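K.L.:
Pasting a structure below so you can have a look.
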Amino acid sequence: IPRKTSDPPLVFHWIPIVGSAIWYGNNPIGFFKACQEKYGNVFTFVLLGRKVTVALTPKGNNFILGGKSIAFNAEEAYKHLTTPVFGKDVVYDVPNEVFMQQKKFVKFGLTTETFRAYVGMIEDEVDNFMSHDQRFRTYQQDDINEWGNFDAIGAMAEITILTASRTLQGSEVRDSLDKSFSDLYTDLDGGFTPLNFMFPNLPLESYRRRDRAQKKMSEFYVNIIKKRRENPNGDHTYDMISSLLDQKYRNGDVLRDHEIAHIMIALLMAGQHTSSATLAWTMLHLASDQDVANALYDEQVKRFGNPDGSFRAMSYEDLRHLPILDAVIRETLRMHPPIHSIMRQVREDVVVPATLAAPSKDGVYVVPKDHYVLASPLMSQLDPDTWRDADKWMPSRWYDEEGMAAQALKTYVDDGGEKIDFGFGAVSKGTESPYQPFGAGKHRCIGEQFAYLQIGTIIATIMRKVELRLPNPVPEHNYHTMIMMPKDPKSIHYRRRRFN
Ligand code: HEM
């Protein structure tokens, strides 16, 4: 630590303890922009008694996400929220070294072979949903001139849980969805909110329901696991439970039943709102931009269309050759990354590099132990210094006429920054990338490929069947949920296409 140091500038606020919670909670981007103008790229604000130091720009992301995990600790930041929901002995309830092994176990289950099997299952679920759910009543009739409508969030949330349980979660979960499982999920989800994040223990009914649901959900999975151990010959080849049953920790121990159960709950929670929000935003944009929607439909016809107007089934390999579908998802995640703030707790004083924030007259900045740090991928993904027409949803920025990536970044790649790989579902792992919807570094998402597969297959299947319109502008962000959702109104109009 250098001799002359000072804390980062503190954002002015009127009310002690509450601090800037209301401004940040209502509109984090407006808040960050105002603070950036006044204080620079590194500043501290008070969030209900906690001191949170924000580091903006790709260099700030790198500072936090590429920082030593001993100094910037995820467990301490998240466990009060996650352990009551996921359960004990997994993720942030264990030392990071154990969680990293658990992450690897999940990765082992997400192979090309499983993905190949998943595409058809997802297509089938969407098909079935659209043929039976009330929201798609108009689709189910023969008249192609009638318009129906569905709520972007409600319909997409349902399709997400149906497809995730059919694939990752396994047949027992899928079969229980219409029964008790849905209610348990709803209660558990009611305990996964910003309120739970800020106040881990309140004497509220929703907290009690959360705890009851966690216990029951845990028992539900443990029963599945017990049955499978008793009868190992059932057909569950491609789901995550069967993969986890085969894994061993480095010391040779197999996973205990409740650990598998709690990892499955964690995966359910990690994938549900992130994927359904991304689907909702994608559908809203496609409904409001006929040019892109038509291009996406034409791409489907070109690759899958039969002479009689029907479509052949998709395969995992096909998904790698659909640049427009890929760009549509990628661009949606640029403007609407489901997680807008990534947090860590600071365990030791950390010097802020001068390249990120120039020292003040009082010396170099040091983020003190016990602060929280916050990285905002959303800020860098909307930065007009990096992205041309940053506020415009423009999938074409991700490909040129040859279907290759070109226009994505205005300055970043020119400056010798990290190159992004543009294949379908490809990853950009850099901690200093201006594009980080899946985070970066040690805690980076392992669900990216699955999410692209799930979202891509769902969008393609829906777009083959219906055309869309949006009667209102694309909604603004609602920041009041853990995952960034569209505000009301978010109803999408649809009409059945002629051939299907
Ligand atoms: C971590 C985003 C889907 C499992 C993360 C992180 C982000 C993210 C930003 C980093 C969090 C941090 O550093 O604090 C997304 C988005 C998704 C998505 C945008 C979909 C569009 C999924 C799915 C799964 C999943 C489907 C499971 C199958 C995980 C796991 C981590 C993670 C296990 C690691 C957490 C850690 O190491 O601390 N995700 N995710 N995610 N995600 Fe995802």
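Labeling convention for the structure tokens: chains A, B, ... as they appear, residues from 1 per chain, ligands from 1 in order of appearance.
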Quick one: residues within 9 Å of A:Ser376, only C-alpha atoms, excluding same-chain residues fewer than 4 positions away - as a ChimeraX atom specification?
P.N.:
/A:29,54-57,60-61,339-343,380-381
K.L.:
Can I get the selection written as a PDB file, in the first residue's frame, with N, CA and C atoms?
P.N.:
ATOM      1  N   ILE A  29     -28.569   2.872 -13.902  1.00  0.00           N
ATOM      2  CA  ILE A  29     -27.780   3.441 -14.995  1.00  0.00           C
ATOM      3  C   ILE A  29     -27.776   4.971 -14.921  1.00  0.00           C
ATOM      4  N   VAL A  54     -18.089   1.557  -6.707  1.00  0.00           N
ATOM      5  CA  VAL A  54     -18.364   1.204  -8.094  1.00  0.00           C
ATOM      6  C   VAL A  54     -17.114   1.483  -8.922  1.00  0.00           C
ATOM      7  N   ALA A  55     -16.756   0.580  -9.815  1.00  0.00           N
ATOM      8  CA  ALA A  55     -15.655   0.823 -10.760  1.00  0.00           C
ATOM      9  C   ALA A  55     -16.211   0.651 -12.168  1.00  0.00           C
ATOM     10  N   LEU A  56     -16.271   1.757 -12.915  1.00  0.00           N
ATOM     11  CA  LEU A  56     -16.893   1.722 -14.244  1.00  0.00           C
ATOM     12  C   LEU A  56     -15.848   1.521 -15.338  1.00  0.00           C
ATOM     13  N   THR A  57     -16.338   1.352 -16.554  1.00  0.00           N
ATOM     14  CA  THR A  57     -15.554   1.108 -17.786  1.00  0.00           C
ATOM     15  C   THR A  57     -14.968  -0.317 -17.776  1.00  0.00           C
ATOM     16  N   GLY A  60     -12.579  -0.923 -15.121  1.00  0.00           N
ATOM     17  CA  GLY A  60     -13.221  -1.145 -13.821  1.00  0.00           C
ATOM     18  C   GLY A  60     -13.722  -2.580 -13.691  1.00  0.00           C
ATOM     19  N   ASN A  61     -14.319  -3.107 -14.782  1.00  0.00           N
ATOM     20  CA  ASN A  61     -14.754  -4.508 -14.764  1.00  0.00           C
ATOM     21  C   ASN A  61     -13.564  -5.410 -14.481  1.00  0.00           C
ATOM     22  N   ILE A 339     -28.332  -9.449 -15.489  1.00  0.00           N
ATOM     23  CA  ILE A 339     -27.720  -9.055 -14.217  1.00  0.00           C
ATOM     24  C   ILE A 339     -26.986  -7.735 -14.424  1.00  0.00           C
ATOM     25  N   HIS A 340     -27.519  -6.655 -13.844  1.00  0.00           N
ATOM     26  CA  HIS A 340     -26.918  -5.350 -14.143  1.00  0.00           C
ATOM     27  C   HIS A 340     -25.813  -4.966 -13.171  1.00  0.00           C
ATOM     28  N   SER A 341     -25.784  -5.598 -11.989  1.00  0.00           N
ATOM     29  CA  SER A 341     -24.745  -5.276 -11.007  1.00  0.00           C
ATOM     30  C   SER A 341     -24.115  -6.557 -10.506  1.00  0.00           C
ATOM     31  N   ILE A 342     -22.812  -6.645 -10.568  1.00  0.00           N
ATOM     32  CA  ILE A 342     -22.100  -7.801 -10.020  1.00  0.00           C
ATOM     33  C   ILE A 342     -21.348  -7.324  -8.782  1.00  0.00           C
ATOM     34  N   MET A 343     -21.567  -8.006  -7.655  1.00  0.00           N
ATOM     35  CA  MET A 343     -21.022  -7.515  -6.377  1.00  0.00           C
ATOM     36  C   MET A 343     -19.998  -8.466  -5.776  1.00  0.00           C
ATOM     37  N   SER A 380     -20.940  -0.688 -19.428  1.00  0.00           N
ATOM     38  CA  SER A 380     -19.980  -0.742 -20.545  1.00  0.00           C
ATOM     39  C   SER A 380     -20.637  -1.231 -21.832  1.00  0.00           C
ATOM     40  N   GLN A 381     -21.728  -1.988 -21.691  1.00  0.00           N
ATOM     41  CA  GLN A 381     -22.402  -2.464 -22.897  1.00  0.00           C
ATOM     42  C   GLN A 381     -23.264  -1.384 -23.547  1.00  0.00           C
TER      43      GLN A 381
END
K.L.:
Let me see if you get this right: every residue at most 7 Å from ligand 1, counting only C-alpha atoms and all ligand atoms, written as a list in words.
P.N.:
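My answer, listing the contacting residues, is Ala74, Lys103, Leu267, Leu268, Ala270, Gly271, Gln272, Thr274, Ser275, Thr278, Leu333, Pro337, Pro338, Ile339, Ile342, Met343, Pro437, Phe438, Gly439, Ala440, Lys442, His443, Arg444, Cys445, Ile446, Gly447, Glu448, Phe450 and Ala451 of chain A.
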K.L.:
Write out as a list of chain:residue names which residues come within 7 Å of A:Glu146 when counting only C-alpha atoms, dropping same-chain ones fewer than 3 positions away.
P.N.:
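Listed by chain and then number, they are A:Thr138, A:Asp143, A:Arg495.
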K.L.:
Counting only C-alpha atoms, which residue out of A:Gly66, A:Gly170, A:Gly148, A:Pro95 sits closest to A:Gly441?
P.N.:
A:Gly66
K.L.:
Name the residues in contact with A:His371 at a cut-off of 6 Å, using only C-alpha atoms, excluding same-chain residues fewer than 3 positions from it; report them as a PyMOL selection string.
P.N.:
chain A and resi 51-52+346+368
K.L.:
I need the chosen residues saved as a PDB file, in the first residue's frame, with C-alpha atoms.
P.N.:
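Now in result_11.pdb:
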ATOM      1  CA  LYS A  51     -20.506   1.120   1.443  1.00  0.00           C
ATOM      2  CA  VAL A  52     -20.396   0.092  -2.186  1.00  0.00           C
ATOM      3  CA  VAL A 346     -13.814  -6.548   0.034  1.00  0.00           C
ATOM      4  CA  PRO A 368     -11.053  -0.306   2.202  1.00  0.00           C
TER       5      PRO A 368
END
K.L.:
Please provide as JSON, numbers by chain all residues within 12 Å of A:Lys33, with the sequence filter that same-chain residues fewer than 2 positions apart are discarded (counting only C-alpha atoms).
P.N.:
{"A": [23, 24, 27, 28, 29, 30, 31, 35, 36, 37, 38, 39, 40, 41, 42, 43, 54, 55, 56, 57, 376, 378, 379, 380, 382, 383]}
K.L.:
Excluding A:Trp14 and any residue of its chain fewer than 4 positions from it, enumerate the residues within 12 Å of it, using only C-alpha atoms, and give them as number ranges by chain.
P.N.:
A: 18-23, 45-46
K.L.:
Here is a test: counting only C-alpha atoms, which residue of A:Ala287, A:Leu188, A:Ala164, A:Ala155 is nearest to A:Ser218?
P.N.:
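Ranked by minimum distance to A:Ser218, first place goes to A:Leu188.
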K.L.:
For atom CA of A:Pro489 and atom CA of A:Gly154, quote the distance in Å rounded to one decimal.
P.N.:
12.3 Å
K.L.:
Write out as number ranges by chain the set of residues from stretch 176-420 of chain A that DSSP, computed on the backbone, places in strand (DSSP E or B).
P.N.:
A: 248, 254, 305, 311, 342-346, 350-351, 360, 363-367, 372-375
K.L.:
Identify which of the residues A:Leu47, A:Ile265, A:Val98, A:Met121 lies closest to A:Val85, counting only C-alpha atoms when measuring atom-to-atom distances.
P.N.:
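Answer, going by the shortest atom-to-atom distance: A:Ile265.
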K.L.:
Would you kindly return, as an mmCIF file with C-alpha atoms, in the first residue's frame, each protein, DNA or RNA residue with an atom no farther than 9 Å from any atom of A:Met217, considering only C-alpha atoms and excluding same-chain residues fewer than 4 positions away?
P.N.:
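Contents of the output file part-v3.cif:
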data_model
loop_
_atom_site.group_PDB
_atom_site.id
_atom_site.type_symbol
_atom_site.label_atom_id
_atom_site.label_comp_id
_atom_site.auth_asym_id
_atom_site.auth_seq_id
_atom_site.Cartn_x
_atom_site.Cartn_y
_atom_site.Cartn_z
ATOM 1 C CA PHE A 181 -43.467 -28.373 -8.079
ATOM 2 C CA LEU A 184 -42.851 -24.741 -4.477
ATOM 3 C CA TYR A 185 -40.948 -22.934 -7.184
ATOM 4 C CA LEU A 188 -38.886 -20.221 -3.377
ATOM 5 C CA ARG A 212 -40.712 -24.138 3.882
ATOM 6 C CA ALA A 213 -40.447 -24.389 0.103
ATOM 7 C CA TYR A 221 -34.915 -33.864 -5.305
ATOM 8 C CA VAL A 222 -33.406 -36.130 -2.643
ATOM 9 C CA ALA A 261 -30.405 -31.643 -4.730
ATOM 10 C CA HIS A 262 -29.142 -28.183 -3.845
ATOM 11 C CA ILE A 265 -32.079 -25.956 -7.172
#
